[in-house]
Amino acid sequence: MNGLYYRRFKVLHRVKTLAWLGFLPLYFSLISLRLILVSGKTQEFDFSPDDSASDIAKHVYENWPMNWDEEQVTSPDILRLIFQGRFLHGNVTLGALKLPPGRTTVMHLVARETLPEPNSQGQRNRDKTTESSCCLLL
């Protein structure tokens, strides 16, 4: 068992143990993600708030749903998550996004080799909008 999966196992085991003992309701400690492919197919997965976008991509790749066979990818490194219209970079955790535990959050899952640089397009758009023009109708 490699380090990533061992850590994930420990976190989930600890959460489930606390829930079983009555200290922590299980549905309040895990974040449920409904992932949508470009084809429109969906699948729900449960994750810890400490899981990052790259952890999620690896987990989904290794537990690829049977009804997604047509969309199978060759590597988890090309799987990208999109949340609220933005690509999530690999080190972003679900906890950092302040996703509500116990509720289902929808994200898109796409295969893409590279990601755009953060704010590169946004900065160009802001530079263009610094000019103002108005028209006065009489």
# chains A, B, ... in the order shown; residues from 1 in each chain; ligands from 1
call {"tool": "residues_around", "arguments": {"residues": "Glu44 in chain A", "least_positions_apart": "6", "cutoff": "10 Å", "atoms": "only C-alpha atoms", "output": "list of chain:residue names"}}
result
A:Ser32, A:Leu33, A:Arg34, A:Leu35, A:Ile36, A:Pro65, A:Thr104, A:Thr105, A:Val106
call {"tool": "write_last_selection", "arguments": {"atoms": "all heavy atoms", "output": "PDB file, in the first residue's frame"}}
result
ATOM      1  N   SER A  32     -19.227  14.428  -0.624  1.00  0.00           N
ATOM      2  CA  SER A  32     -19.707  13.628  -1.747  1.00  0.00           C
ATOM      3  C   SER A  32     -19.580  14.451  -3.023  1.00  0.00           C
ATOM      4  O   SER A  32     -20.050  15.585  -3.082  1.00  0.00           O
ATOM      5  CB  SER A  32     -21.168  13.236  -1.511  1.00  0.00           C
ATOM      6  OG  SER A  32     -21.648  12.479  -2.591  1.00  0.00           O
ATOM      7  N   LEU A  33     -18.895  13.878  -4.017  1.00  0.00           N
ATOM      8  CA  LEU A  33     -18.746  14.548  -5.304  1.00  0.00           C
ATOM      9  C   LEU A  33     -19.510  13.781  -6.365  1.00  0.00           C
ATOM     10  O   LEU A  33     -19.361  12.564  -6.484  1.00  0.00           O
ATOM     11  CB  LEU A  33     -17.275  14.607  -5.728  1.00  0.00           C
ATOM     12  CG  LEU A  33     -16.337  15.490  -4.936  1.00  0.00           C
ATOM     13  CD1 LEU A  33     -14.955  15.478  -5.581  1.00  0.00           C
ATOM     14  CD2 LEU A  33     -16.854  16.899  -4.817  1.00  0.00           C
ATOM     15  N   ARG A  34     -20.325  14.484  -7.122  1.00  0.00           N
ATOM     16  CA  ARG A  34     -20.958  13.907  -8.311  1.00  0.00           C
ATOM     17  C   ARG A  34     -20.139  14.409  -9.487  1.00  0.00           C
ATOM     18  O   ARG A  34     -20.130  15.604  -9.790  1.00  0.00           O
ATOM     19  CB  ARG A  34     -22.405  14.340  -8.452  1.00  0.00           C
ATOM     20  CG  ARG A  34     -23.052  13.758  -9.720  1.00  0.00           C
ATOM     21  CD  ARG A  34     -24.523  14.111  -9.841  1.00  0.00           C
ATOM     22  NE  ARG A  34     -25.232  13.513  -8.716  1.00  0.00           N
ATOM     23  CZ  ARG A  34     -26.186  14.139  -8.026  1.00  0.00           C
ATOM     24  NH1 ARG A  34     -26.512  15.385  -8.330  1.00  0.00           N
ATOM     25  NH2 ARG A  34     -26.792  13.533  -7.031  1.00  0.00           N
ATOM     26  N   LEU A  35     -19.419  13.493 -10.131  1.00  0.00           N
ATOM     27  CA  LEU A  35     -18.564  13.849 -11.250  1.00  0.00           C
ATOM     28  C   LEU A  35     -19.312  13.614 -12.551  1.00  0.00           C
ATOM     29  O   LEU A  35     -19.941  12.571 -12.748  1.00  0.00           O
ATOM     30  CB  LEU A  35     -17.279  13.021 -11.216  1.00  0.00           C
ATOM     31  CG  LEU A  35     -16.436  13.204  -9.952  1.00  0.00           C
ATOM     32  CD1 LEU A  35     -15.193  12.332 -10.013  1.00  0.00           C
ATOM     33  CD2 LEU A  35     -16.058  14.659  -9.743  1.00  0.00           C
ATOM     34  N   ILE A  36     -19.243  14.604 -13.439  1.00  0.00           N
ATOM     35  CA  ILE A  36     -19.929  14.553 -14.725  1.00  0.00           C
ATOM     36  C   ILE A  36     -18.891  14.549 -15.837  1.00  0.00           C
ATOM     37  O   ILE A  36     -18.009  15.415 -15.880  1.00  0.00           O
ATOM     38  CB  ILE A  36     -20.870  15.760 -14.914  1.00  0.00           C
ATOM     39  CG1 ILE A  36     -21.869  15.842 -13.771  1.00  0.00           C
ATOM     40  CG2 ILE A  36     -21.575  15.686 -16.259  1.00  0.00           C
ATOM     41  CD1 ILE A  36     -22.752  17.072 -13.832  1.00  0.00           C
ATOM     42  N   PRO A  65     -15.656   3.703 -13.107  1.00  0.00           N
ATOM     43  CA  PRO A  65     -16.961   3.038 -13.170  1.00  0.00           C
ATOM     44  C   PRO A  65     -17.136   2.229 -14.460  1.00  0.00           C
ATOM     45  O   PRO A  65     -16.678   2.632 -15.527  1.00  0.00           O
ATOM     46  CB  PRO A  65     -17.959   4.196 -13.123  1.00  0.00           C
ATOM     47  CG  PRO A  65     -17.208   5.319 -12.497  1.00  0.00           C
ATOM     48  CD  PRO A  65     -15.785   5.150 -12.949  1.00  0.00           C
ATOM     49  N   THR A 104     -23.881  16.835  -1.513  1.00  0.00           N
ATOM     50  CA  THR A 104     -23.274  16.461  -2.792  1.00  0.00           C
ATOM     51  C   THR A 104     -22.890  17.710  -3.567  1.00  0.00           C
ATOM     52  O   THR A 104     -23.697  18.616  -3.739  1.00  0.00           O
ATOM     53  CB  THR A 104     -24.249  15.608  -3.624  1.00  0.00           C
ATOM     54  OG1 THR A 104     -24.575  14.443  -2.871  1.00  0.00           O
ATOM     55  CG2 THR A 104     -23.621  15.205  -4.944  1.00  0.00           C
ATOM     56  N   THR A 105     -21.649  17.748  -4.014  1.00  0.00           N
ATOM     57  CA  THR A 105     -21.134  18.843  -4.830  1.00  0.00           C
ATOM     58  C   THR A 105     -20.885  18.304  -6.229  1.00  0.00           C
ATOM     59  O   THR A 105     -20.342  17.212  -6.388  1.00  0.00           O
ATOM     60  CB  THR A 105     -19.818  19.386  -4.241  1.00  0.00           C
ATOM     61  OG1 THR A 105     -20.075  19.877  -2.923  1.00  0.00           O
ATOM     62  CG2 THR A 105     -19.247  20.508  -5.093  1.00  0.00           C
ATOM     63  N   VAL A 106     -21.261  19.063  -7.239  1.00  0.00           N
ATOM     64  CA  VAL A 106     -21.103  18.641  -8.629  1.00  0.00           C
ATOM     65  C   VAL A 106     -19.823  19.245  -9.198  1.00  0.00           C
ATOM     66  O   VAL A 106     -19.568  20.439  -9.050  1.00  0.00           O
ATOM     67  CB  VAL A 106     -22.317  19.070  -9.478  1.00  0.00           C
ATOM     68  CG1 VAL A 106     -22.109  18.718 -10.941  1.00  0.00           C
ATOM     69  CG2 VAL A 106     -23.588  18.434  -8.943  1.00  0.00           C
TER      70      VAL A 106
END
call {"tool": "select_by_dssp", "arguments": {"residues": "range 23-79 of chain A", "states": "strand (DSSP E or B)", "output": "PyMOL selection string"}}
result
chain A and resi 31-36+42-47+52+79
call {"tool": "write_last_selection", "arguments": {"atoms": "N, CA and C atoms", "output": "short mmCIF file (atom, residue, chain, number, x, y, z; two decimals), in the first residue's frame"}}
result
data_model
loop_
_atom_site.label_atom_id
_atom_site.label_comp_id
_atom_site.auth_asym_id
_atom_site.auth_seq_id
_atom_site.Cartn_x
_atom_site.Cartn_y
_atom_site.Cartn_z
N ILE A 31 -17.09 14.38 2.02
CA ILE A 31 -17.63 15.24 0.97
C ILE A 31 -18.00 14.34 -0.20
N SER A 32 -19.23 14.43 -0.62
CA SER A 32 -19.71 13.63 -1.75
C SER A 32 -19.58 14.45 -3.02
N LEU A 33 -18.89 13.88 -4.02
CA LEU A 33 -18.75 14.55 -5.30
C LEU A 33 -19.51 13.78 -6.37
N ARG A 34 -20.32 14.48 -7.12
CA ARG A 34 -20.96 13.91 -8.31
C ARG A 34 -20.14 14.41 -9.49
N LEU A 35 -19.42 13.49 -10.13
CA LEU A 35 -18.56 13.85 -11.25
C LEU A 35 -19.31 13.61 -12.55
N ILE A 36 -19.24 14.60 -13.44
CA ILE A 36 -19.93 14.55 -14.73
C ILE A 36 -18.89 14.55 -15.84
N THR A 42 -22.67 10.34 -15.18
CA THR A 42 -22.31 10.80 -13.84
C THR A 42 -22.02 9.63 -12.92
N GLN A 43 -21.28 9.92 -11.86
CA GLN A 43 -20.99 8.94 -10.81
C GLN A 43 -20.68 9.71 -9.53
N GLU A 44 -21.11 9.19 -8.40
CA GLU A 44 -20.82 9.83 -7.12
C GLU A 44 -19.71 9.09 -6.40
N PHE A 45 -18.84 9.86 -5.75
CA PHE A 45 -17.73 9.36 -4.95
C PHE A 45 -17.70 10.12 -3.64
N ASP A 46 -17.21 9.50 -2.58
CA ASP A 46 -17.02 10.18 -1.29
C ASP A 46 -15.54 10.38 -1.03
N PHE A 47 -15.19 11.59 -0.54
CA PHE A 47 -13.81 11.93 -0.28
C PHE A 47 -13.68 12.65 1.05
N SER A 52 -6.82 16.00 -2.30
CA SER A 52 -6.55 17.04 -3.29
C SER A 52 -7.12 16.63 -4.64
N LEU A 79 -6.49 13.56 -16.06
CA LEU A 79 -7.84 13.86 -15.56
C LEU A 79 -7.83 15.19 -14.84
#
call {"tool": "select_by_dssp", "arguments": {"residues": "range 18-98 of chain A", "states": "alpha helix (DSSP H)", "output": "number ranges by chain"}}
result
A: 18-20, 26-29, 53-62
call {"tool": "atom_distance", "arguments": {"atom1": "CA of Glu62 in chain A", "atom2": "CA of Lys98 in chain A"}}
result
25.6 Å
call {"tool": "atom_distance", "arguments": {"atom1": "CA of Leu97 in chain A", "atom2": "CA of Ala111 in chain A"}}
result
21.5 Å
call {"tool": "closest_residue", "arguments": {"among": "A:Ala96, A:Ser48, A:Val110, A:Gly102", "to": "Pro76 in chain A", "atoms": "only C-alpha atoms"}}
result
A:Val110
call {"tool": "atom_distance", "arguments": {"atom1": "CA of Asp51 in chain A", "atom2": "CA of Glu71 in chain A"}}
result
23.6 Å
call {"tool": "residues_around", "arguments": {"residues": "Thr93 in chain A", "least_positions_apart": "6", "cutoff": "10 Å", "atoms": "only C-alpha atoms", "output": "list in words"}}
result
Ser48, Pro49, Asp50, Asp51, Ser52, Ala53, Ser54, Asp55, Ile56 and Leu99 of chain A
